[in-house]
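Reproduced below: my_file-v4.cif, with mmCIF, C-alpha atoms.
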```cif
data_model
#
loop_
_atom_site.label_atom_id
_atom_site.label_comp_id
_atom_site.auth_asym_id
_atom_site.auth_seq_id
_atom_site.Cartn_x
_atom_site.Cartn_y
_atom_site.Cartn_z
CA MET T 94 105.88 77.39 80.40
CA ALA T 95 106.90 79.81 83.17
CA LEU T 96 104.54 80.14 86.10
CA VAL T 97 103.58 83.67 87.13
CA SER T 98 103.16 84.30 90.87
CA ARG T 99 99.98 86.23 91.55
CA PRO T 100 98.73 87.86 94.75
CA ARG T 101 96.67 85.52 96.86
CA ALA T 102 93.11 86.80 96.39
CA PRO T 103 90.65 87.34 99.23
CA LEU T 104 89.12 84.04 100.28
CA TRP T 105 85.74 84.73 98.76
CA LEU T 106 87.47 85.00 95.39
CA GLY T 107 88.75 81.44 95.85
CA ARG T 108 85.23 80.37 94.83
CA LEU T 109 84.69 80.78 91.11
CA SER T 110 81.58 82.38 89.71
CA ARG T 111 78.76 79.93 89.01
CA ARG T 112 79.45 79.76 85.31
CA LEU T 113 83.20 79.32 85.73
CA CYS T 114 82.67 76.84 88.54
CA ALA T 115 80.40 74.68 86.39
CA ARG T 116 82.91 74.80 83.53
CA HIS T 117 85.74 73.93 85.92
CA ARG T 118 83.88 70.89 87.27
CA ALA T 119 83.04 69.73 83.75
CA CYS T 120 86.72 69.88 82.83
CA THR T 121 88.24 68.40 85.96
CA GLY T 122 85.49 66.34 87.48
CA SER T 123 86.40 67.64 90.93
CA MET T 124 84.78 70.06 93.34
CA VAL T 125 86.30 73.47 94.05
CA ARG T 126 87.21 73.67 97.73
CA GLN T 127 84.82 75.89 99.66
CA ARG T 128 86.03 78.67 101.93
CA ARG T 129 84.56 79.34 105.33
CA PHE T 130 84.23 82.35 107.62
CA ALA T 131 83.92 82.82 111.37
CA VAL T 132 82.40 85.92 112.96
CA GLU T 133 82.70 86.81 116.63
CA MET T 134 79.24 87.51 118.07
CA PRO T 135 78.44 90.00 120.87
CA ASP T 136 78.17 87.10 123.35
CA CYS T 137 81.73 85.98 122.35
CA SER T 138 80.48 82.90 120.53
CA LEU T 139 81.49 82.25 116.91
CA THR T 140 79.14 81.88 113.95
CA HIS T 141 80.43 80.13 110.82
CA PHE T 142 79.23 80.47 107.24
CA VAL T 143 80.27 79.35 103.77
CA LEU T 144 79.72 80.75 100.27
CA GLY T 145 77.87 78.36 97.97
CA ASP T 146 76.84 78.07 94.33
CA THR T 147 73.47 76.55 95.21
CA ALA T 148 70.71 78.45 96.98
CA GLY T 149 69.86 77.66 100.59
CA HIS T 150 68.34 79.39 103.58
CA PRO T 151 70.54 80.81 106.35
CA ASP T 152 69.91 79.90 109.97
CA SER T 153 68.42 82.44 112.38
CA ARG T 154 71.81 83.61 113.70
CA LEU T 155 73.14 84.31 110.22
CA ALA T 156 69.93 86.05 109.17
CA ALA T 157 70.07 88.30 112.24
CA LEU T 158 73.79 88.96 111.77
CA LEU T 159 73.91 89.63 108.02
CA GLY T 160 70.32 90.37 106.97
CA PRO T 161 67.98 93.31 107.47
CA PRO T 162 67.33 95.64 109.14
CA GLY T 163 70.48 97.57 108.30
CA ARG T 164 73.24 96.45 105.95
CA SER T 165 76.34 94.30 106.57
CA TYR T 166 79.69 94.44 104.78
CA ALA T 167 82.83 92.31 105.03
CA LEU T 168 86.45 92.40 103.98
CA CYS T 169 89.40 90.08 104.56
CA VAL T 170 93.06 91.04 104.25
CA PRO T 171 94.78 88.72 101.73
CA LEU T 172 98.37 87.52 101.85
CA ALA T 173 100.76 88.73 99.18
CA PRO T 174 102.78 86.10 97.29
CA GLY T 175 106.07 85.07 98.80
CA THR T 176 107.64 82.79 101.36
CA GLY T 177 108.67 83.29 104.96
CA CYS T 178 107.06 85.73 107.37
CA GLY T 179 107.14 88.77 105.05
CA PRO T 180 103.58 88.33 103.67
CA ARG T 181 102.18 87.84 107.19
CA VAL T 182 103.89 91.00 108.43
CA GLN T 183 102.53 93.01 105.48
CA ALA T 184 99.01 91.65 105.96
CA ALA T 185 99.08 92.38 109.70
CA ARG T 186 100.14 95.99 109.10
CA MET T 187 97.41 96.45 106.49
CA HIS T 188 94.84 94.96 108.86
CA GLN T 189 95.85 97.34 111.64
CA ARG T 190 95.80 100.35 109.33
CA LEU T 191 92.31 99.47 108.08
CA LEU T 192 91.11 98.99 111.64
CA LEU T 193 92.21 102.51 112.58
CA GLN T 194 90.52 103.95 109.49
CA LEU T 195 87.29 102.02 110.08
CA ARG T 196 87.11 103.46 113.59
CA SER T 197 87.29 107.04 112.36
CA GLY T 198 85.32 109.35 110.09
CA PRO T 199 81.87 108.45 108.71
CA LEU T 200 82.51 104.71 109.05
CA GLN T 201 82.31 105.06 112.84
CA ARG T 202 78.57 104.60 112.44
CA CYS T 203 79.18 100.93 111.59
CA GLN T 204 79.34 98.21 114.24
CA LEU T 205 82.63 96.34 113.89
CA SER T 206 83.20 92.61 114.52
CA LYS T 207 86.15 90.28 113.99
CA LEU T 208 85.98 88.16 110.82
CA LEU T 209 88.25 85.22 110.04
CA GLY T 210 88.40 83.52 106.66
CA TYR T 211 89.78 79.99 106.52
CA GLY T 212 89.98 76.87 104.38
CA PRO T 213 88.14 73.59 104.97
CA GLY T 214 91.29 71.84 106.19
CA ASP T 215 93.75 72.65 108.94
CA GLN T 216 96.69 73.80 106.82
CA GLU T 217 98.97 76.62 107.88
CA GLY T 218 98.70 79.86 105.93
CA GLU T 219 95.00 79.62 105.05
CA ALA T 220 93.64 82.00 107.70
CA GLN T 221 92.93 85.59 106.71
CA HIS T 222 91.91 88.27 109.20
CA GLY T 223 89.21 90.76 108.37
CA PHE T 224 86.21 92.73 109.53
CA LEU T 225 82.44 92.49 109.48
CA LEU T 226 80.77 95.89 109.49
CA ARG T 227 77.09 96.44 110.17
CA ASP T 228 75.48 99.76 109.29
CA PRO T 229 72.24 99.86 111.32
CA SER T 230 70.90 102.79 109.28
CA ASP T 231 71.89 101.37 105.86
CA HIS T 232 73.35 104.73 104.89
CA PRO T 233 73.61 105.14 101.09
CA ASP T 234 77.21 106.43 101.28
CA THR T 235 78.64 103.53 103.34
CA ARG T 236 79.49 101.28 100.39
CA ARG T 237 81.23 104.07 98.48
CA ALA T 238 83.19 105.11 101.57
CA LEU T 239 84.38 101.53 102.04
CA LEU T 240 85.33 101.12 98.39
CA GLN T 241 87.28 104.37 98.45
CA LEU T 242 89.06 103.21 101.60
CA LEU T 243 90.10 99.92 99.98
CA SER T 244 91.14 101.62 96.73
CA SER T 245 93.65 103.66 98.72
CA CYS T 246 95.57 100.49 99.66
CA GLN T 247 98.89 100.52 97.82
CA GLU T 248 99.78 96.86 98.41
CA ALA T 249 99.78 94.44 95.47
CA ALA T 250 97.27 92.22 97.27
CA HIS T 251 94.46 94.34 98.68
CA PRO T 252 91.01 93.51 100.07
CA GLN T 253 87.78 93.66 98.12
CA LEU T 254 84.43 94.62 99.56
CA ALA T 255 81.62 92.12 100.13
CA GLU T 256 78.04 93.26 100.80
CA PHE T 257 75.27 91.07 102.20
CA GLN T 258 71.68 91.30 100.99
CA ALA T 259 68.53 89.25 101.60
CA ASP T 260 66.08 88.65 98.74
CA SER T 261 62.30 88.37 98.81
CA GLN T 262 62.49 84.60 99.41
CA GLY T 263 64.64 84.99 102.53
CA LEU T 264 67.84 83.85 100.84
CA LEU T 265 71.01 85.66 101.86
CA TRP T 266 73.49 86.71 99.18
CA GLN T 267 77.01 88.09 99.24
CA ARG T 268 77.82 90.52 96.43
CA LEU T 269 81.42 91.44 95.69
CA TRP T 270 82.06 95.04 94.64
CA GLU T 271 84.88 96.97 93.04
CA LEU T 272 85.35 100.68 92.38
CA GLN T 273 86.15 101.13 88.67
CA GLY T 274 86.75 104.80 88.09
CA ASP T 275 83.67 106.53 89.50
CA ARG T 276 81.47 103.45 89.07
CA GLN T 277 80.63 100.83 91.69
CA VAL T 278 80.70 97.50 89.84
CA GLN T 279 79.44 94.15 91.14
CA VAL T 280 81.95 91.47 90.14
CA ASP T 281 80.63 88.36 91.90
CA CYS T 282 77.66 86.92 93.79
CA ALA T 283 77.27 83.87 96.04
CA CYS T 284 74.70 82.43 98.41
CA VAL T 285 75.51 82.57 102.14
CA LEU T 286 74.95 79.25 103.93
CA PRO T 287 75.56 78.11 107.53
CA ALA T 288 78.70 76.05 108.08
CA GLN T 289 79.42 73.49 110.75
CA GLU T 290 81.69 74.68 113.53
CA PRO T 291 85.12 73.01 113.30
CA LEU T 292 86.44 70.97 116.20
CA LEU T 293 89.24 73.48 116.86
CA HIS T 294 89.47 77.22 116.32
CA PRO T 295 90.42 77.72 112.64
CA LEU T 296 93.28 80.07 113.56
CA LEU T 297 95.26 77.41 115.46
CA PRO T 298 97.37 76.17 112.49
CA ASP T 299 98.66 79.74 112.02
CA LEU T 300 99.15 80.59 115.70
CA LEU T 301 102.65 79.16 116.00
CA ASN T 302 105.30 81.55 114.67
CA SER T 303 102.76 84.27 113.86
CA ALA T 304 101.84 85.07 117.47
CA VAL T 305 103.63 82.47 119.60
CA PHE T 306 107.24 81.86 118.55
CA GLN T 307 108.74 78.46 119.23
CA ASP T 308 112.37 79.50 118.74
CA ARG T 309 114.65 82.50 118.54
CA ASP T 310 115.09 82.38 114.75
CA ALA T 311 111.34 82.57 114.07
CA ALA T 312 110.96 85.73 116.16
CA ARG T 313 114.15 87.19 114.73
CA ALA T 314 112.91 86.73 111.15
CA VAL T 315 109.86 88.87 111.89
CA LEU T 316 111.87 91.82 113.22
CA GLU T 317 114.25 91.48 110.27
CA GLU T 318 111.26 92.20 108.03
CA CYS T 319 110.54 95.36 110.05
CA THR T 320 113.91 97.11 109.90
CA SER T 321 112.89 99.27 106.91
CA PHE T 322 109.99 100.91 108.76
CA ILE T 323 110.94 100.44 112.45
CA PRO T 324 114.55 101.59 112.93
CA GLU T 325 114.56 100.29 116.50
CA ALA T 326 114.09 96.74 115.18
CA ARG T 327 117.69 96.72 113.96
CA ALA T 328 118.91 97.82 117.39
CA VAL T 329 116.98 94.95 119.03
CA LEU T 330 118.42 92.45 116.55
CA ASP T 331 121.96 93.68 117.14
CA LEU T 332 121.55 93.09 120.88
CA VAL T 333 120.06 89.63 120.34
CA ASP T 334 122.85 88.65 117.97
CA GLN T 335 125.38 89.42 120.69
CA CYS T 336 123.80 86.75 122.93
CA PRO T 337 125.35 83.27 122.68
CA ARG T 338 122.97 80.56 121.53
CA GLU T 339 124.35 77.82 123.77
CA ILE T 340 123.86 78.87 127.40
CA GLN T 341 123.31 76.97 130.64
CA LYS T 342 121.75 77.86 133.94
CA GLY T 343 124.08 78.19 136.91
CA LYS T 344 123.86 76.25 140.18
CA PHE T 345 121.42 78.69 141.85
CA GLN T 346 117.62 78.68 141.54
CA VAL T 347 115.82 80.63 138.83
CA ILE T 348 112.24 81.63 139.69
CA ALA T 349 109.89 83.32 137.22
CA ILE T 350 106.96 85.21 138.74
CA GLU T 351 103.92 85.96 136.60
CA GLY T 352 100.80 87.84 137.60
CA LEU T 353 97.69 89.52 136.27
CA ASP T 354 96.75 93.10 137.03
CA ALA T 355 96.28 94.08 140.70
CA THR T 356 98.03 90.97 142.03
CA GLY T 357 100.93 92.93 143.53
CA LYS T 358 103.44 91.17 141.29
CA SER T 359 105.99 94.00 141.33
CA THR T 360 105.81 94.25 145.12
CA VAL T 361 106.11 90.48 145.59
CA THR T 362 109.05 90.07 143.19
CA GLN T 363 110.93 92.87 144.93
CA ALA T 364 110.26 91.42 148.39
CA VAL T 365 111.21 87.88 147.33
CA SER T 366 114.47 89.00 145.75
CA GLU T 367 115.40 90.91 148.91
CA SER T 368 114.55 87.94 151.17
CA LEU T 369 116.61 85.53 149.08
CA GLN T 370 119.38 88.03 148.32
CA ALA T 371 118.64 87.24 144.71
CA VAL T 372 119.23 89.15 141.49
CA LEU T 373 115.98 90.63 140.15
CA LEU T 374 115.59 90.65 136.34
CA GLN T 375 112.63 91.60 134.19
CA SER T 376 111.37 90.87 130.70
CA PRO T 377 111.64 92.79 128.49
CA PRO T 378 114.99 93.92 129.92
CA PRO T 379 115.88 97.62 130.32
CA CYS T 380 118.19 97.52 127.28
CA ILE T 381 115.12 97.30 125.01
CA GLY T 382 112.46 98.52 127.45
CA GLN T 383 112.90 102.04 126.09
CA TRP T 384 111.32 100.86 122.80
CA ARG T 385 108.45 98.96 124.38
CA LYS T 386 105.82 101.60 123.54
CA ILE T 387 106.92 101.64 119.89
CA PHE T 388 106.36 97.91 119.52
CA ASP T 389 103.17 97.94 121.62
CA ASP T 390 101.61 100.04 118.85
CA GLU T 391 102.45 97.44 116.19
CA PRO T 392 100.34 94.40 115.12
CA THR T 393 100.48 91.20 117.16
CA ILE T 394 103.07 89.39 115.02
CA ILE T 395 105.56 92.27 115.42
CA ARG T 396 104.74 93.03 119.03
CA ARG T 397 105.07 89.40 120.12
CA ALA T 398 108.33 88.94 118.18
CA PHE T 399 109.75 91.88 120.14
CA TYR T 400 108.70 90.41 123.50
CA SER T 401 109.91 86.94 122.50
CA LEU T 402 113.37 88.24 121.69
CA GLY T 403 113.31 90.10 125.00
CA ASN T 404 113.05 86.71 126.69
CA TYR T 405 116.23 85.53 124.94
CA LEU T 406 118.05 88.66 126.09
CA VAL T 407 116.93 87.98 129.66
CA ALA T 408 117.97 84.34 129.33
CA SER T 409 121.53 85.45 128.62
CA GLU T 410 121.51 87.49 131.84
CA ILE T 411 119.98 84.59 133.79
CA ALA T 412 122.80 82.30 132.69
CA LYS T 413 125.42 84.75 133.97
CA GLU T 414 123.77 85.70 137.25
CA SER T 415 122.56 82.22 138.29
CA ALA T 416 126.18 81.07 138.50
CA ARG T 417 126.60 83.35 141.55
CA PHE T 418 123.14 84.13 142.99
CA PRO T 419 119.52 83.02 142.93
CA VAL T 420 117.57 84.81 140.18
CA ILE T 421 114.01 86.18 140.26
CA VAL T 422 112.52 87.05 136.86
CA ASP T 423 109.60 89.48 136.69
CA ARG T 424 107.66 87.91 133.79
CA TYR T 425 109.14 85.55 131.23
CA TRP T 426 107.98 83.41 128.30
CA HIS T 427 104.64 82.38 129.83
CA SER T 428 103.28 85.94 129.81
CA THR T 429 104.52 86.51 126.25
CA ALA T 430 102.70 83.43 124.96
CA THR T 431 99.62 83.83 127.14
CA TYR T 432 98.74 87.33 126.00
CA ALA T 433 99.39 86.40 122.36
CA ILE T 434 97.02 83.42 122.52
CA ALA T 435 94.29 85.27 124.42
CA THR T 436 94.46 88.21 122.00
CA GLU T 437 94.56 86.31 118.72
CA VAL T 438 92.03 83.53 119.38
CA SER T 439 88.63 85.16 118.86
CA GLY T 440 85.57 84.24 120.91
CA GLY T 441 85.37 83.17 124.54
CA PRO T 442 87.57 80.80 126.59
CA GLN T 443 85.85 77.76 125.06
CA TYR T 444 87.68 78.44 121.77
CA LEU T 445 91.20 78.42 123.22
CA PRO T 446 93.59 75.67 122.11
CA PRO T 447 92.92 72.47 124.09
CA ALA T 448 95.18 71.43 126.94
CA HIS T 449 98.53 69.92 125.83
CA HIS T 450 98.44 71.75 122.48
CA PRO T 451 101.99 72.53 121.19
CA VAL T 452 101.34 76.25 121.58
CA TYR T 453 101.55 75.82 125.37
CA GLN T 454 105.00 74.21 125.29
CA TRP T 455 108.17 76.05 126.35
CA PRO T 456 110.56 76.82 123.43
CA GLY T 457 113.32 74.24 123.14
CA ASP T 458 116.10 76.82 122.73
CA LEU T 459 115.12 79.13 125.63
CA LEU T 460 116.69 78.76 129.08
CA LYS T 461 114.08 77.27 131.39
CA PRO T 462 113.38 78.43 134.99
CA ASP T 463 113.26 76.01 137.91
CA LEU T 464 109.87 77.29 139.04
CA VAL T 465 107.11 79.52 137.63
CA LEU T 466 104.68 81.16 140.07
CA LEU T 467 101.41 82.75 138.94
CA LEU T 468 99.90 85.30 141.33
CA THR T 469 96.10 85.59 141.34
CA VAL T 470 93.52 87.51 143.39
CA ASN T 471 89.79 87.00 143.96
CA PRO T 472 87.40 89.34 142.08
CA GLU T 473 86.48 91.39 145.16
CA GLU T 474 90.08 92.08 146.10
CA ARG T 475 90.93 92.89 142.49
CA VAL T 476 88.22 95.59 142.30
CA LYS T 477 89.42 97.08 145.58
CA ARG T 478 93.04 97.25 144.41
CA LEU T 479 92.20 98.75 141.04
CA GLU T 480 90.40 101.73 142.59
CA GLY T 481 92.61 104.76 142.37
CA ARG T 482 95.35 102.89 140.56
CA GLY T 483 97.22 105.32 138.29
CA LEU T 484 99.98 103.19 136.80
CA GLU T 485 100.64 103.36 133.06
CA LYS T 486 99.29 100.25 131.33
CA THR T 487 99.86 98.55 127.99
CA LYS T 488 96.86 98.07 125.68
CA GLU T 489 96.59 94.44 126.71
CA GLU T 490 96.74 95.29 130.42
CA ALA T 491 94.02 97.91 129.92
CA GLU T 492 91.85 95.35 128.13
CA LEU T 493 92.55 92.86 130.92
CA GLU T 494 91.19 95.39 133.39
CA ALA T 495 88.08 96.28 131.38
CA ASN T 496 87.19 93.03 129.55
CA ASN T 497 86.16 90.14 131.77
CA VAL T 498 86.11 87.61 128.89
CA PHE T 499 89.66 88.53 127.91
CA ARG T 500 90.70 88.16 131.54
CA GLN T 501 89.17 84.67 131.67
CA LYS T 502 91.05 83.70 128.50
CA VAL T 503 94.33 84.91 130.01
CA GLU T 504 93.72 82.97 133.24
CA VAL T 505 92.82 79.74 131.41
CA THR T 506 95.82 80.06 129.08
CA TYR T 507 98.21 80.55 131.99
CA GLN T 508 96.80 77.42 133.64
CA ARG T 509 97.40 75.33 130.48
CA MET T 510 101.07 76.23 130.14
CA GLU T 511 103.37 73.21 130.38
CA ASN T 512 106.99 72.23 130.73
CA PRO T 513 107.15 74.07 133.11
CA SER T 514 103.61 74.70 134.30
CA CYS T 515 102.53 77.57 136.53
CA HIS T 516 102.11 77.11 140.30
CA MET T 517 99.12 79.18 141.39
CA VAL T 518 99.58 81.52 144.37
CA ASP T 519 96.64 83.34 145.98
CA ALA T 520 97.83 86.93 146.33
CA SER T 521 94.62 88.14 148.01
CA PRO T 522 95.89 87.95 151.65
CA SER T 523 98.27 90.45 153.23
CA ARG T 524 101.64 91.17 151.65
CA GLU T 525 103.50 89.35 154.43
CA THR T 526 101.32 86.24 154.10
CA VAL T 527 101.79 86.13 150.33
CA LEU T 528 105.54 86.57 150.74
CA GLN T 529 105.80 83.68 153.20
CA ASN T 530 103.71 81.42 150.95
CA VAL T 531 105.92 82.23 147.96
CA LEU T 532 109.12 81.62 149.93
CA GLN T 533 107.79 78.27 151.12
CA LEU T 534 107.09 77.19 147.53
CA ILE T 535 110.57 78.24 146.46
CA ARG T 536 112.21 76.33 149.33
CA SER T 537 110.16 73.23 148.51
CA ALA T 538 111.14 73.42 144.86
CA GLY T 539 114.78 73.88 145.84
CA HIS T 540 114.78 70.65 147.84
CA SER T 541 113.52 68.72 144.81
CA LEU T 542 116.24 70.00 142.46
#
```

Any chance you could put this one into structure tokens?
Amino acid sequence: MALVSRPRAPLWLGRLSRRLCARHRACTGSMVRQRRFAVEMPDCSLTHFVLGDTAGHPDSRLAALLGPPGRSYALCVPLAPGTGCGPRVQAARMHQRLLLQLRSGPLQRCQLSKLLGYGPGDQEGEAQHGFLLRDPSDHPDTRRALLQLLSSCQEAAHPQLAEFQADSQGLLWQRLWELQGDRQVQVDCACVLPAQEPLLHPLLPDLLNSAVFQDRDAARAVLEECTSFIPEARAVLDLVDQCPREIQKGKFQVIAIEGLDATGKSTVTQAVSESLQAVLLQSPPPCIGQWRKIFDDEPTIIRRAFYSLGNYLVASEIAKESARFPVIVDRYWHSTATYAIATEVSGGPQYLPPAHHPVYQWPGDLLKPDLVLLLTVNPEERVKRLEGRGLEKTKEEAELEANNVFRQKVEVTYQRMENPSCHMVDASPSRETVLQNVLQLIRSAGHSL
């Protein structure tokens, strides 16, 4: 009998209705695997819950998050059937489109939180991104507006709407709704129960090669999926394909300099390159820098694939130039991976991958620098430098400036990078002092080569 591939349903549909679930257990004698969900709270902690077939009371955090007053709704973006990175790219684009629509029109009245659906194990491909919406006023038109929004999705696998409701006994229920013609129809119901927090963030199995790319081919495959709707993706791929895969660093030092906002990174890299009579390169390189804004507006998986391939383009230049001169690189792989991890892992710094996790390791096929320096400044100096600053910033740089928790996550992630790790440099003193400290580190590293 031929097997028919069907769209992967939203995670709450992975649980059968009570009647079907009982029939399934009677036939197979095994339990249906439960799905779990994680919601980012205002204090950047995560609350986890599970959908059950038996009634039980929610804890106080769940009751406050999903129960009255007001009304809460949820949706997760499912993955379409298929192999490779195509389904992840499609889901990421749908997620971004829904986010923009949820932040406009009448749905602006809802408070929006990150929602992650995941399986009970740690298998890759089980995580599904979504949203939790809370309508403080419990407006009667909110459900219909959400259903109409979801019905406009043209993809084969599209989200369904879940609504949370407390009963007179204090039990919390999730009701699944569909729009059938002009009618709002409830198609499923399950009890909401607290779930134990997993040891590691549930997104970690999917982080590699969906946000942090461990080799050139993985990043290239993502942009290949984008050529039909981003013409510039083909131009980037053509440039990457011209770069040889087997390259070696020359006899001169290669120094990568990373830095957060207001650390004076651009000034320091320029001064260091002049002092050492070195070639100054930057990532992404100018040959694709003209398309940076286009890819900055895309979802994480596409944006990070673009920046990852930029590193391979720079690596080709490093190999050529380091045969004749020292090379200074203004940002390299560490910044690409750091911002991806800090952006994708919800919650505060405590939820980041633990030290020595594979996500912090340098890609095996990317030319490695001799030394990586990370410029930092103290909070007081940072505030002083940011005043009156008018430089154009990416979305992530703007969030770094405004969101202290995101900044902490970026700092911790940088510090956990390995092979090579980052050498911290205090950039708070005067420009001349910072320059001398950086040059001393470079000379010391050169003696050990």

Exercise for the section: Figure out the distance between atom CA of T:Leu479 and atom CA of T:Leu532, please, to one decimal in Å. Expected result: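 Distance between the two atoms: 25.7 Å.
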
Practice task
Using atom CA of T:Glu133 and atom CA of T:Cys169 as the two end points, give the distance in Å to one decimal.
Solution key: 14.2 Å

Exercise for the section: Would you mind reading off the distance between atom CA of T:Ala259 and atom CA of T:Arg276, one decimal, in Å? Expected result: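 One can read the atom CA of T:Ala259 to atom CA of T:Arg276 distance as 22.9 Å.
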
Exercise for the section: Identify which of the residues T:Arg417, T:His294, T:Lys477, T:Lys342 lies closest to T:Ala131, counting all atoms listed in the file when measuring atom-to-atom distances. Expected result: T:His294

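Proximity to stretch 388-402 of chain T at 6 Å, evaluated using all atoms listed in the file and with sequence-adjacent residues fewer than 2 positions away removed, yields Ala185, Ser303, Ala304, Ala312, Arg385, Lys386, Asn404 and Tyr405 of chain T.
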
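Among the candidate residues T:Val470, T:Glu339, T:Cys282, T:Ala220, the one lying nearest to T:Leu265 is T:Cys282, with distances computed using all atoms listed in the file.
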
Practice task
Apply the PyMOL selection byres ((chain T and resi 285) around 6) to the displayed file and report the matching residues as number ranges by chain.
Solution key: T: 143-144, 265-266, 284, 286

Practice task
Quick one: everything within 9 Å of T:Thr506, counting all atoms listed in the file, minus sequence neighbours fewer than 6 positions away in the same chain. Send it as JSON, numbers by chain.
Solution key: {"T": [430, 431, 432, 434, 435, 442, 445, 446, 448, 453]}

Practice task
Would you write out, as a PyMOL selection string, every residue that the PyMOL selection byres ((chain T and resi 171) around 10) captures in this file?
Solution key: chain T and resi 100-104+168-170+172-174+180-181+183-185+187-188+210+219-223+249-253

Handout entry: the PyMOL selection byres ((chain T and resi 225) around 9) resolved against shown file, as JSON, numbers by chain
Key = {"T": [132, 165, 166, 167, 168, 169, 204, 205, 206, 207, 208, 223, 224, 226, 227]}

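Near T:Cys137, within a cut-off of 7 Å and counting all atoms listed in the file, sit the residues Glu133, Met134, Pro135, Leu139, Gly440 and Gly441 of chain T, with same-chain residues fewer than 2 positions away left out.
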
Completion exercise
Counting all atoms listed in the file, closest pick from T:Pro151, T:Ile421, T:Gln443, T:Ser415 relative to T:Gln262 is T:Pro151

Problem - Closest of T:Lys461, T:Arg237, T:Arg164, T:Arg475 to T:Gln341 - atom-to-atom distances counting all atoms listed in the file - result: T:Lys461
